[in-house]
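Novice: Sharing a structure, written as structure tokens. Questions coming.
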There are 2 protein chains.
Amino acid sequence: VSSDAQVLVPSPLGFTTHVANAGIKDTSDDFVVIASDVPAVAVGMFTKSRFAGPSVTLSQAHLADRSARAIGVISKNANVATGHEGIADAAELAEGIGKHLGAPTEEVVIASTGVIGVRYPEGAVHRAVTGIDLTPADFTAAARGIMTTDTTAKVVSRTVGGATLVGIAKGVGMIEPDMATLLTFVCTDAELDPDTADTIFRSVVERTFNCLSVDTDTSTSDTAVLLANGLAGPVGPEEFEQALFEVMRELTRACAIDGEGAETLIEVNVTGAADFTQARRVAKLVVNSPLVKTAVHGRDPNWGRVAMAVGKASEDERISPDHTRISFAGFEVYPDRLDAEALALVGKAMDAAEVDISVDLGVGAARATVWGCDLTDGYVRINADYTT
Amino acid sequence: VSSDAQVLVPSPLGFTTHVANAGIKDTSDDFVVIASDVPAVAVGMFTKSRFAGPSVTLSQAHLADRSARAIGVISKNANVATGHEGIADAAELAEGIGKHLGAPTEEVVIASTGVIGVRYPEGAVHRAVTGIDLTPADFTAAARGIMTTDTTAKVVSRTVGGATLVGIAKGVGMIEPDMATLLTFVCTDAELDPDTADTIFRSVVERTFNCLSVDTDTSTSDTAVLLANGLAGPVGPEEFEQALFEVMRELTRACAIDGEGAETLIEVNVTGAADFTQARRVAKLVVNSPLVKTAVHGRDPNWGRVAMAVGKASEDERISPDHTRISFAGFEVYPDRLDAEALALVGKAMDAAEVDISVDLGVGAARATVWGCDLTDGYVRINADYTT
């Protein structure tokens with residue numbers, strides 16, 4: 001993951017970007033266009049929120065044919081719960097980008113992220129689209145342009161066969177994806193048929209962004225889109241899926257590390273589960289527990305809180321204290337309870353940038369990994385002081 | 001609610017208490033027995049945690065006949081995930097109290113609350129039960145004796161007809177009851193048949209303690225018990241239910257006010273719902289959202305976060321931004337979005353010990369009220385610094 005705007009990452013063929021300030025909130029970059037020279041296979045996953053904004057509903061419609069030319073993003077304002085004016089703003093944005101490209105509006109996907117319930121400033125969308133000037137792709141600048149409260153730009157790239165993938169992401173709060181994600185866009189020059197692209201993308205999102213939780217809150221704007229323009233020719237689906245998984249796992253971890261106020265990345269591995277669904281459910285209960293998150297913050301191997309969190313899967317009668325095992329930072333702490341001296345050593349091992357918690361349910365062979373972060377005074381301060 | 005140990009509350013006939021230190025953690029009171037002179041109708045509700053401790057499983061069995069003579073509570077240690085020794089400790093506690101009363105062990109309900117995964121100190125249960133000395137009931141002392149991180153003793157009483165009810169409760173963290181509660185015990189001299197007592201108790205818990213959430217974590221020890229010894233004769237079921245509701249609502253609010261680190265009580269009212277289940281589900285999504293909780297802490301009428309939280313009911317297609325209304329502190333802020341000046345006035349109205357958030361779903365006539373508290377630096381500090 002690069003967090004330095006000067007670092008150049010390998011770029012797939014045939015993509016251009018435009019990164020600018022449209023005066024949404026301040027003078028920082030807040031408008032990003034990523035365009036493909038040719039129509040690309042395009043698949044997406046979106047928030048399931050009942051308050052999803054017009055950017056989401058418009059993009060869902062535009063991706064129905066699994067084809068797109070460009071993605072347009074406005075950051076620092078979500079354009080959510082902004083009534084008919086907000087719907088018109090979203091339409092104007094997609095239309096303006098399409099016009100600039102000489103492409104149908106339906107070939108443009110848009111996304112918006114930031115404050116909810118406030119319209120874009122008067123004239124901002126018009127200024128943004130009339131100023132579009134696409135240049136050779138700079139995904140690091142694009143990653144920076146979509147940031148809100150993020151402190152680092154998140155961009156990851158990989159090559160697979162003759163093709164290149166590059167992914168960017170933003171999102172550090174209001175994060176509990178459920179069959180969706182925050183904002184993340186992956187561009188590749190690999191050639192994939194639409195069905196394969198869709199199947200692979202959903203499978204990978206399921207194991208990466210849908211395994212991330214910062215604070216249990218779900219954004220109204222979550223959007224994940226893959227553009228594959230095919231200019232580098234075909235790539236084996238398995239190799240492509242592995243490369244995409246690596247890109248999106250790195251982005252997921254980068255979002256957890258940059259979680260609002262976070263000082264510690266928490267990785268929870270649940271093993272011995274009956275299936276992936278059970279494993280991920282239990283892992284999310286652990287990573288989402290405020291008492292587990294504060295225990296990690298305090299470097300306390302408080303496995304009682306992990307047991308409590310596992311116990312919240314109340315209707316799942318397969319789970320029992322009799323065959324559950326719990327580890328902190330690689331040290332098993334339950335069922336064989338350690339003495340105070342040994343626990344203190346585990347606490348010392350937790351004094352790291354990443355703390356791993358493992359739970360073995362002892363009921364099967366399935367597993368899941370999820371990522372989150374500790375709960376800190378910083379999270380409270382950021383979100384109590386952030387004003388509408 | 002009384003938070004002063006010197007205040008005497010009206011007591012029902014025929015109850016005695018014993019409050020003492022059994023050396024569980026420090027020298028504060030940690031052992032409480034509440035006994036009825038005669039066998040009482042007894043009903044209870046318990047945590048559904050898969051890691052429920054032996055106090056819970058033993059008490060569930062002892063309440064199968066809906067009759068009990070006494071409740072015994074050890075605080076400062078939950079006796080959860082303590083293996084066979086913990087099961088033996090729970091049995092010894094119930095047996096010792098029964099022996100003292102000359103009652104069968106099955107007539108004794110027990111509860112325990114505090115740290116998870118650590119055995120009671122060697123000999124503590126024996127010392128506790130051999131020292132029992134029942135005296136005329138002092139429910140305020142009992143309320144104090146069951147406290148853990150609580151800062152106030154929670155005791156409420158009401159009279160109904162010729163009968164008296166008194167309830168005590170503890171619990172300020174790890175609170176998200178689900179058909180259960182923290183620790184709360186209500187004693188009355190009203191005469192109720194077991195079926196009526198059970199029906200009324202479940203209905204009232206459903207609308208009070210099951211509408212409370214401090215931090216979304218569910219205790220392994222949650223126990224709610226009603227003892228009705230009948231010494232004051234029969235009471236109309238409707239009057240009794242209303243009085244019980246008032247007692248338990250006050251206790252619920254007292255727990256929210258005393259939530260770990262809490263500075264503000266949050267009451268969320270959801271109206272216009274299709275049914276109570278939908279109303280409570282949405283209300284819980286709002287009161288549990290860390291972003292709503294931090295907004296309240298920051299006195300920010302950030303209704304966008306409330307909209308986000310309502311939107312998390314993703315599978316409920318009856319919910320729509322088109323017919324949802326949101327108010328803070330009595331001021332409607334959505335769908336008619338206020339300007340900055342008006343919002344600032346709403347922010348000023350939120351500068352109070354209690355902030356009310358209302359959501360009208362516009363789909364029906366049902367409603368629910370839930371209680372919670374703001375998320376503060378204090379919550380983080382209490383739980384990051386609390387060591388195993």
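Every chain in the structure tokens takes a letter, A first, then B, and so on in the order presented; its residues are numbered from 1, and the ligands are numbered from 1 following the presented order.
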Dump as CSV the rows for residues of chain A within 8 Å of chain B: closest atom pair and distance in Å with one decimal, only C-alpha atoms counted, ordered by chain and rising residue number.
Specialist:
residue,atom,partner,partner_atom,distance
A:Lys48,CA,B:Ser314,CA,5.4
A:Ser49,CA,B:Gly311,CA,4.5
A:Arg50,CA,B:Gly311,CA,4.1
A:Phe51,CA,B:Gly311,CA,4.8
A:Ala52,CA,B:Gly311,CA,7.5
A:Ala81,CA,B:Pro321,CA,7.1
A:Val115,CA,B:Gly304,CA,7.5
A:Ile116,CA,B:Gly304,CA,4.9
A:Gly117,CA,B:Gly304,CA,5.7
A:Met174,CA,B:Leu291,CA,7.4
A:Asp215,CA,B:Pro290,CA,6.7
A:Thr216,CA,B:Ser289,CA,7.3
A:Asp217,CA,B:Ser289,CA,6.3
A:Thr218,CA,B:Lys312,CA,6.4
A:Ser219,CA,B:Met308,CA,6.5
A:Thr220,CA,B:Met308,CA,6.1
A:Ser289,CA,B:Asp217,CA,6.3
A:Pro290,CA,B:Asp215,CA,6.7
A:Leu291,CA,B:Asn383,CA,6.5
A:Thr294,CA,B:Ala384,CA,4.6
A:Ala295,CA,B:Ala384,CA,5.1
A:Val296,CA,B:Ala384,CA,7.4
A:His297,CA,B:Ala384,CA,5.8
A:Gly298,CA,B:Ala384,CA,4.2
A:Arg299,CA,B:Ala384,CA,7.8
A:Asp300,CA,B:Thr387,CA,6.2
A:Pro301,CA,B:Thr388,CA,7.5
A:Asn302,CA,B:Thr388,CA,5.7
A:Trp303,CA,B:Gly117,CA,7.9
A:Gly304,CA,B:Ile116,CA,4.9
A:Arg305,CA,B:Ile116,CA,7.5
A:Ala307,CA,B:Phe51,CA,6.6
A:Met308,CA,B:Thr220,CA,6.1
A:Ala309,CA,B:Asp217,CA,7.0
A:Val310,CA,B:Arg50,CA,7.4
A:Gly311,CA,B:Arg50,CA,4.1
A:Lys312,CA,B:Ser49,CA,5.3
A:Ala313,CA,B:Arg50,CA,6.8
A:Ser314,CA,B:Ser49,CA,5.1
A:Glu315,CA,B:Lys48,CA,7.8
A:Asp316,CA,B:Arg50,CA,7.9
A:Glu317,CA,B:Arg50,CA,7.5
A:Ile319,CA,B:Arg50,CA,6.5
A:Ser320,CA,B:Arg50,CA,6.1
A:Pro321,CA,B:Phe51,CA,6.0
A:Arg337,CA,B:Gly117,CA,7.6
A:Leu375,CA,B:Val380,CA,6.9
A:Thr376,CA,B:Val380,CA,6.0
A:Asp377,CA,B:Asp377,CA,4.9
A:Val380,CA,B:Thr376,CA,6.0
A:Arg381,CA,B:Asp377,CA,7.6
A:Asn383,CA,B:Thr294,CA,5.6
A:Ala384,CA,B:Gly298,CA,4.3
A:Asp385,CA,B:Gly298,CA,5.8
A:Tyr386,CA,B:Ala295,CA,7.9
A:Thr387,CA,B:Asp300,CA,6.2
A:Thr388,CA,B:Asn302,CA,5.6
Novice: Excluding same-chain residues fewer than 4 positions from Phe245 (chain A), what lies within 10 Å of it counting only C-alpha atoms, as a VMD selection string?
Specialist: chain A and resid 200 to 201 203 to 205 207 to 208 239 to 241 249 to 251
Novice: Output N, CA and C atoms of each residue in that selection to a file, as an mmCIF file, in the first residue's frame.
Specialist:
data_model
loop_
_atom_site.group_PDB
_atom_site.id
_atom_site.type_symbol
_atom_site.label_atom_id
_atom_site.label_comp_id
_atom_site.auth_asym_id
_atom_site.auth_seq_id
_atom_site.Cartn_x
_atom_site.Cartn_y
_atom_site.Cartn_z
ATOM 1 N N ILE A 200 -16.193 -13.559 -9.997
ATOM 2 C CA ILE A 200 -14.923 -13.379 -9.279
ATOM 3 C C ILE A 200 -15.001 -12.171 -8.346
ATOM 4 N N PHE A 201 -15.559 -11.069 -8.850
ATOM 5 C CA PHE A 201 -15.595 -9.846 -8.040
ATOM 6 C C PHE A 201 -16.414 -10.065 -6.774
ATOM 7 N N SER A 203 -17.092 -12.884 -5.253
ATOM 8 C CA SER A 203 -16.405 -13.832 -4.371
ATOM 9 C C SER A 203 -15.291 -13.130 -3.596
ATOM 10 N N VAL A 204 -14.562 -12.254 -4.276
ATOM 11 C CA VAL A 204 -13.431 -11.583 -3.623
ATOM 12 C C VAL A 204 -13.931 -10.527 -2.628
ATOM 13 N N VAL A 205 -14.928 -9.748 -3.000
ATOM 14 C CA VAL A 205 -15.472 -8.745 -2.067
ATOM 15 C C VAL A 205 -15.979 -9.432 -0.804
ATOM 16 N N ARG A 207 -14.824 -11.954 0.659
ATOM 17 C CA ARG A 207 -13.736 -12.381 1.554
ATOM 18 C C ARG A 207 -12.809 -11.234 1.946
ATOM 19 N N THR A 208 -13.074 -10.030 1.444
ATOM 20 C CA THR A 208 -12.186 -8.905 1.770
ATOM 21 C C THR A 208 -12.996 -7.757 2.382
ATOM 22 N N GLU A 239 -5.897 -17.285 -11.780
ATOM 23 C CA GLU A 239 -4.792 -16.352 -11.494
ATOM 24 C C GLU A 239 -5.341 -14.954 -11.241
ATOM 25 N N PHE A 240 -6.331 -14.564 -12.074
ATOM 26 C CA PHE A 240 -6.880 -13.224 -11.907
ATOM 27 C C PHE A 240 -7.546 -13.089 -10.546
ATOM 28 N N GLU A 241 -8.308 -14.105 -10.165
ATOM 29 C CA GLU A 241 -8.997 -14.037 -8.864
ATOM 30 C C GLU A 241 -7.990 -13.922 -7.728
ATOM 31 N N ARG A 249 -7.507 -7.493 -0.496
ATOM 32 C CA ARG A 249 -7.175 -7.749 0.908
ATOM 33 C C ARG A 249 -6.249 -6.661 1.442
ATOM 34 N N GLU A 250 -5.280 -6.246 0.619
ATOM 35 C CA GLU A 250 -4.383 -5.175 1.058
ATOM 36 C C GLU A 250 -5.150 -3.877 1.267
ATOM 37 N N LEU A 251 -6.072 -3.577 0.371
ATOM 38 C CA LEU A 251 -6.877 -2.354 0.536
ATOM 39 C C LEU A 251 -7.741 -2.444 1.798
#
Novice: Run DSSP on the backbone and give me the residues of region 162-363 of chain A it puts in alpha helix (DSSP H), as a short mmCIF file (atom, residue, chain, number, x, y, z; two decimals) with N, CA, C and O atoms, in the first residue's frame.
Specialist:
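Writing done, so here's result-v4.cif:
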data_model
loop_
_atom_site.label_atom_id
_atom_site.label_comp_id
_atom_site.auth_asym_id
_atom_site.auth_seq_id
_atom_site.Cartn_x
_atom_site.Cartn_y
_atom_site.Cartn_z
N PRO A 194 -18.10 -10.83 -18.96
CA PRO A 194 -18.87 -10.20 -17.88
C PRO A 194 -19.28 -11.17 -16.78
O PRO A 194 -19.21 -10.82 -15.60
N ASP A 195 -19.69 -12.37 -17.13
CA ASP A 195 -20.13 -13.32 -16.10
C ASP A 195 -18.98 -13.71 -15.18
O ASP A 195 -19.12 -13.75 -13.95
N THR A 196 -17.83 -14.01 -15.79
CA THR A 196 -16.66 -14.37 -14.99
C THR A 196 -16.25 -13.21 -14.09
O THR A 196 -15.97 -13.39 -12.89
N ALA A 197 -16.23 -12.02 -14.66
CA ALA A 197 -15.85 -10.83 -13.88
C ALA A 197 -16.78 -10.67 -12.68
O ALA A 197 -16.33 -10.40 -11.55
N ASP A 198 -18.05 -10.85 -12.90
CA ASP A 198 -19.04 -10.66 -11.84
C ASP A 198 -18.86 -11.71 -10.75
O ASP A 198 -18.85 -11.39 -9.55
N THR A 199 -18.71 -12.96 -11.13
CA THR A 199 -18.56 -14.05 -10.16
C THR A 199 -17.30 -13.85 -9.32
O THR A 199 -17.33 -13.96 -8.09
N ILE A 200 -16.19 -13.56 -10.00
CA ILE A 200 -14.92 -13.38 -9.28
C ILE A 200 -15.00 -12.17 -8.35
O ILE A 200 -14.60 -12.23 -7.18
N PHE A 201 -15.56 -11.07 -8.85
CA PHE A 201 -15.60 -9.85 -8.04
C PHE A 201 -16.41 -10.06 -6.77
O PHE A 201 -15.99 -9.69 -5.68
N ARG A 202 -17.58 -10.69 -6.92
CA ARG A 202 -18.42 -10.93 -5.73
C ARG A 202 -17.73 -11.85 -4.74
O ARG A 202 -17.78 -11.63 -3.52
N SER A 203 -17.09 -12.88 -5.25
CA SER A 203 -16.41 -13.83 -4.37
C SER A 203 -15.29 -13.13 -3.60
O SER A 203 -15.10 -13.36 -2.39
N VAL A 204 -14.56 -12.25 -4.28
CA VAL A 204 -13.43 -11.58 -3.62
C VAL A 204 -13.93 -10.53 -2.63
O VAL A 204 -13.41 -10.43 -1.51
N VAL A 205 -14.93 -9.75 -3.00
CA VAL A 205 -15.47 -8.74 -2.07
C VAL A 205 -15.98 -9.43 -0.80
O VAL A 205 -15.78 -8.95 0.32
N GLU A 206 -16.60 -10.58 -1.00
CA GLU A 206 -17.14 -11.35 0.13
C GLU A 206 -16.05 -11.68 1.15
O GLU A 206 -16.28 -11.68 2.35
N ARG A 207 -14.82 -11.95 0.66
CA ARG A 207 -13.74 -12.38 1.55
C ARG A 207 -12.81 -11.23 1.95
O ARG A 207 -11.83 -11.45 2.65
N PRO A 237 -8.74 -17.20 -15.22
CA PRO A 237 -9.63 -16.72 -14.15
C PRO A 237 -9.08 -16.98 -12.75
O PRO A 237 -9.21 -16.13 -11.87
N GLU A 238 -8.46 -18.16 -12.53
CA GLU A 238 -7.96 -18.45 -11.17
C GLU A 238 -6.83 -17.49 -10.80
O GLU A 238 -6.79 -16.97 -9.69
N GLU A 239 -5.90 -17.29 -11.78
CA GLU A 239 -4.79 -16.35 -11.49
C GLU A 239 -5.34 -14.95 -11.24
O GLU A 239 -4.89 -14.23 -10.36
N PHE A 240 -6.33 -14.56 -12.07
CA PHE A 240 -6.88 -13.22 -11.91
C PHE A 240 -7.55 -13.09 -10.55
O PHE A 240 -7.36 -12.09 -9.84
N GLU A 241 -8.31 -14.10 -10.16
CA GLU A 241 -9.00 -14.04 -8.86
C GLU A 241 -7.99 -13.92 -7.73
O GLU A 241 -8.20 -13.14 -6.79
N GLN A 242 -6.90 -14.67 -7.80
CA GLN A 242 -5.89 -14.60 -6.74
C GLN A 242 -5.27 -13.19 -6.67
O GLN A 242 -5.10 -12.62 -5.59
N ALA A 243 -4.96 -12.62 -7.83
CA ALA A 243 -4.37 -11.27 -7.85
C ALA A 243 -5.37 -10.24 -7.33
O ALA A 243 -5.01 -9.34 -6.55
N LEU A 244 -6.62 -10.38 -7.75
CA LEU A 244 -7.65 -9.44 -7.27
C LEU A 244 -7.82 -9.57 -5.76
O LEU A 244 -7.95 -8.57 -5.04
N PHE A 245 -7.80 -10.82 -5.28
CA PHE A 245 -7.93 -11.04 -3.84
C PHE A 245 -6.80 -10.34 -3.09
O PHE A 245 -7.02 -9.67 -2.08
N GLU A 246 -5.57 -10.46 -3.61
CA GLU A 246 -4.43 -9.83 -2.93
C GLU A 246 -4.56 -8.31 -2.92
O GLU A 246 -4.29 -7.66 -1.91
N VAL A 247 -4.98 -7.76 -4.04
CA VAL A 247 -5.17 -6.31 -4.12
C VAL A 247 -6.24 -5.86 -3.12
O VAL A 247 -6.04 -4.91 -2.34
N MET A 248 -7.38 -6.56 -3.10
CA MET A 248 -8.48 -6.10 -2.25
C MET A 248 -8.24 -6.41 -0.78
O MET A 248 -8.68 -5.67 0.08
N ARG A 249 -7.51 -7.49 -0.50
CA ARG A 249 -7.17 -7.75 0.91
C ARG A 249 -6.25 -6.66 1.44
O ARG A 249 -6.42 -6.16 2.55
N GLU A 250 -5.28 -6.25 0.62
CA GLU A 250 -4.38 -5.17 1.06
C GLU A 250 -5.15 -3.88 1.27
O GLU A 250 -4.90 -3.14 2.23
N LEU A 251 -6.07 -3.58 0.37
CA LEU A 251 -6.88 -2.35 0.54
C LEU A 251 -7.74 -2.44 1.80
O LEU A 251 -7.89 -1.48 2.54
N THR A 252 -8.29 -3.63 2.03
CA THR A 252 -9.13 -3.83 3.22
C THR A 252 -8.31 -3.59 4.49
O THR A 252 -8.75 -2.88 5.41
N ARG A 253 -7.15 -4.20 4.54
CA ARG A 253 -6.29 -4.01 5.71
C ARG A 253 -5.88 -2.54 5.86
O ARG A 253 -5.82 -2.01 6.98
N ALA A 254 -5.64 -1.88 4.74
CA ALA A 254 -5.26 -0.46 4.80
C ALA A 254 -6.40 0.38 5.37
O ALA A 254 -6.18 1.33 6.13
N CYS A 255 -7.63 0.02 5.03
CA CYS A 255 -8.78 0.76 5.59
C CYS A 255 -8.90 0.50 7.09
O CYS A 255 -9.21 1.41 7.86
N ALA A 256 -8.65 -0.74 7.53
CA ALA A 256 -8.73 -1.04 8.96
C ALA A 256 -7.64 -0.30 9.72
O ALA A 256 -7.89 0.27 10.79
N ILE A 257 -6.43 -0.31 9.16
CA ILE A 257 -5.30 0.37 9.81
C ILE A 257 -5.60 1.86 9.96
O ILE A 257 -5.28 2.49 10.97
N PHE A 276 -18.27 -21.13 6.11
CA PHE A 276 -17.76 -19.76 6.07
C PHE A 276 -18.71 -18.78 6.75
O PHE A 276 -18.29 -17.86 7.46
N THR A 277 -20.01 -18.99 6.55
CA THR A 277 -21.01 -18.08 7.12
C THR A 277 -20.92 -18.06 8.65
O THR A 277 -20.91 -16.99 9.26
N GLN A 278 -20.85 -19.24 9.25
CA GLN A 278 -20.73 -19.29 10.71
C GLN A 278 -19.41 -18.66 11.16
O GLN A 278 -19.38 -17.88 12.12
N ALA A 279 -18.34 -18.98 10.44
CA ALA A 279 -17.02 -18.46 10.82
C ALA A 279 -17.00 -16.94 10.76
O ALA A 279 -16.54 -16.27 11.69
N ARG A 280 -17.53 -16.38 9.67
CA ARG A 280 -17.50 -14.91 9.54
C ARG A 280 -18.43 -14.25 10.56
O ARG A 280 -18.12 -13.21 11.11
N ARG A 281 -19.59 -14.87 10.81
CA ARG A 281 -20.51 -14.31 11.80
C ARG A 281 -19.83 -14.17 13.16
O ARG A 281 -19.87 -13.11 13.80
N VAL A 282 -19.19 -15.24 13.61
CA VAL A 282 -18.53 -15.21 14.92
C VAL A 282 -17.36 -14.23 14.90
O VAL A 282 -17.18 -13.45 15.84
N ALA A 283 -16.60 -14.23 13.81
CA ALA A 283 -15.45 -13.32 13.72
C ALA A 283 -15.91 -11.87 13.79
O ALA A 283 -15.30 -11.03 14.46
N LYS A 284 -17.03 -11.56 13.14
CA LYS A 284 -17.56 -10.19 13.19
C LYS A 284 -18.06 -9.84 14.59
O LYS A 284 -17.89 -8.70 15.04
N LEU A 285 -18.68 -10.80 15.28
CA LEU A 285 -19.12 -10.53 16.66
C LEU A 285 -17.91 -10.14 17.51
O LEU A 285 -17.99 -9.25 18.35
N VAL A 286 -16.78 -10.80 17.29
CA VAL A 286 -15.58 -10.51 18.08
C VAL A 286 -15.00 -9.15 17.68
O VAL A 286 -14.76 -8.29 18.53
N VAL A 287 -14.83 -8.93 16.38
CA VAL A 287 -14.14 -7.71 15.94
C VAL A 287 -15.01 -6.47 16.18
O VAL A 287 -14.48 -5.36 16.27
N ASN A 288 -16.32 -6.66 16.27
CA ASN A 288 -17.23 -5.53 16.48
C ASN A 288 -17.48 -5.22 17.95
O ASN A 288 -18.09 -4.19 18.25
N PRO A 290 -17.31 -3.65 21.30
CA PRO A 290 -16.58 -2.51 21.87
C PRO A 290 -15.70 -2.93 23.03
O PRO A 290 -14.64 -2.32 23.26
N LEU A 291 -16.11 -3.95 23.76
CA LEU A 291 -15.30 -4.38 24.90
C LEU A 291 -14.05 -5.12 24.45
O LEU A 291 -13.00 -5.01 25.08
N VAL A 292 -14.13 -5.86 23.35
CA VAL A 292 -12.92 -6.49 22.78
C VAL A 292 -12.01 -5.39 22.21
O VAL A 292 -10.79 -5.39 22.44
N LYS A 293 -12.62 -4.43 21.51
CA LYS A 293 -11.84 -3.36 20.88
C LYS A 293 -11.09 -2.51 21.93
O LYS A 293 -9.94 -2.13 21.73
N THR A 294 -11.77 -2.24 23.04
CA THR A 294 -11.10 -1.47 24.09
C THR A 294 -10.05 -2.32 24.81
O THR A 294 -9.02 -1.80 25.24
N ALA A 295 -10.30 -3.63 24.92
CA ALA A 295 -9.30 -4.50 25.55
C ALA A 295 -8.02 -4.50 24.71
O ALA A 295 -6.91 -4.42 25.25
N VAL A 296 -8.16 -4.58 23.39
CA VAL A 296 -6.98 -4.54 22.52
C VAL A 296 -6.28 -3.20 22.69
O VAL A 296 -5.05 -3.13 22.79
N HIS A 297 -7.07 -2.13 22.73
CA HIS A 297 -6.47 -0.81 22.93
C HIS A 297 -5.66 -0.77 24.21
O HIS A 297 -4.59 -0.17 24.26
N TRP A 303 -9.59 -12.48 27.46
CA TRP A 303 -10.28 -13.48 26.65
C TRP A 303 -11.73 -13.67 27.10
O TRP A 303 -12.56 -14.17 26.34
N GLY A 304 -12.03 -13.26 28.34
CA GLY A 304 -13.42 -13.34 28.79
C GLY A 304 -14.34 -12.53 27.89
O GLY A 304 -15.47 -12.92 27.60
N ARG A 305 -13.83 -11.39 27.40
CA ARG A 305 -14.64 -10.56 26.50
C ARG A 305 -14.79 -11.23 25.13
O ARG A 305 -15.81 -11.07 24.47
N VAL A 306 -13.76 -11.96 24.71
CA VAL A 306 -13.88 -12.70 23.44
C VAL A 306 -14.92 -13.81 23.61
O VAL A 306 -15.79 -14.01 22.75
N ALA A 307 -14.86 -14.51 24.75
CA ALA A 307 -15.86 -15.55 25.03
C ALA A 307 -17.26 -14.94 25.03
O ALA A 307 -18.20 -15.49 24.44
N MET A 308 -17.40 -13.78 25.67
CA MET A 308 -18.68 -13.08 25.69
C MET A 308 -19.16 -12.81 24.27
O MET A 308 -20.31 -13.05 23.92
N ALA A 309 -18.24 -12.31 23.42
CA ALA A 309 -18.62 -11.95 22.05
C ALA A 309 -19.03 -13.19 21.25
O ALA A 309 -20.01 -13.16 20.51
N VAL A 310 -18.28 -14.26 21.41
CA VAL A 310 -18.66 -15.52 20.73
C VAL A 310 -20.04 -15.96 21.21
O VAL A 310 -20.88 -16.40 20.41
N GLY A 311 -20.28 -15.79 22.49
CA GLY A 311 -21.56 -16.21 23.07
C GLY A 311 -22.76 -15.47 22.53
O GLY A 311 -23.90 -15.93 22.67
N ALA A 340 -1.53 -15.18 36.11
CA ALA A 340 -1.35 -13.75 35.89
C ALA A 340 -0.03 -13.43 35.21
O ALA A 340 0.05 -12.57 34.33
N GLU A 341 1.01 -14.17 35.58
CA GLU A 341 2.34 -13.92 35.02
C GLU A 341 2.35 -14.24 33.52
O GLU A 341 2.85 -13.44 32.71
N ALA A 342 1.79 -15.38 33.16
CA ALA A 342 1.74 -15.77 31.75
C ALA A 342 0.85 -14.80 30.96
O ALA A 342 1.19 -14.40 29.83
N LEU A 343 -0.26 -14.38 31.56
CA LEU A 343 -1.15 -13.42 30.87
C LEU A 343 -0.42 -12.11 30.63
O LEU A 343 -0.61 -11.46 29.60
N ALA A 344 0.42 -11.70 31.58
CA ALA A 344 1.17 -10.45 31.41
C ALA A 344 2.10 -10.55 30.21
O ALA A 344 2.28 -9.57 29.46
N LEU A 345 2.69 -11.75 29.97
CA LEU A 345 3.55 -11.93 28.80
C LEU A 345 2.73 -11.82 27.51
O LEU A 345 3.18 -11.25 26.52
N VAL A 346 1.51 -12.37 27.53
CA VAL A 346 0.64 -12.25 26.36
C VAL A 346 0.32 -10.77 26.11
O VAL A 346 0.36 -10.29 24.97
N GLY A 347 0.07 -10.05 27.19
CA GLY A 347 -0.19 -8.62 27.07
C GLY A 347 0.98 -7.89 26.40
O GLY A 347 0.78 -7.01 25.57
N LYS A 348 2.18 -8.29 26.76
CA LYS A 348 3.36 -7.68 26.14
C LYS A 348 3.42 -7.98 24.64
O LYS A 348 3.76 -7.13 23.82
N ALA A 349 3.05 -9.22 24.27
CA ALA A 349 3.06 -9.61 22.86
C ALA A 349 2.01 -8.83 22.07
O ALA A 349 2.09 -8.71 20.85
#
Novice: Can you check which residues of region 128-313 of chain A DSSP gives as strand (DSSP E) on the backbone and send them as a PyMOL selection string?
Specialist: chain A and resi 135-136+154-160+163-170+183-188+223-228+265-273
Novice: Give the answer as one residue: which of B:Lys76, B:Arg66, B:His126, B:Lys99 has the shortest atom-to-atom distance to Met45 (chain B), using only C-alpha atoms?
Specialist: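 Residue with the minimum atom-to-atom distance to Met45 (chain B): B:Arg66.
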Novice: Can you tell me which residues surround Ala137 (chain A) at a distance of at most 9 Å, considering only C-alpha atoms, apart from same-chain residues fewer than 3 positions away, and format the answer as an MDAnalysis selection string?
Specialist: chainID A and resid 11:12 14:18 34:35 134 140:142
Novice: Given the choices A:Thr135, A:Asn229, A:Asn210, A:Ser112, which gets closest to Thr164 (chain A) if the distance is worked out from only C-alpha atoms?
Specialist: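 Closest to Thr164 (chain A), using only C-alpha atoms: A:Asn229.
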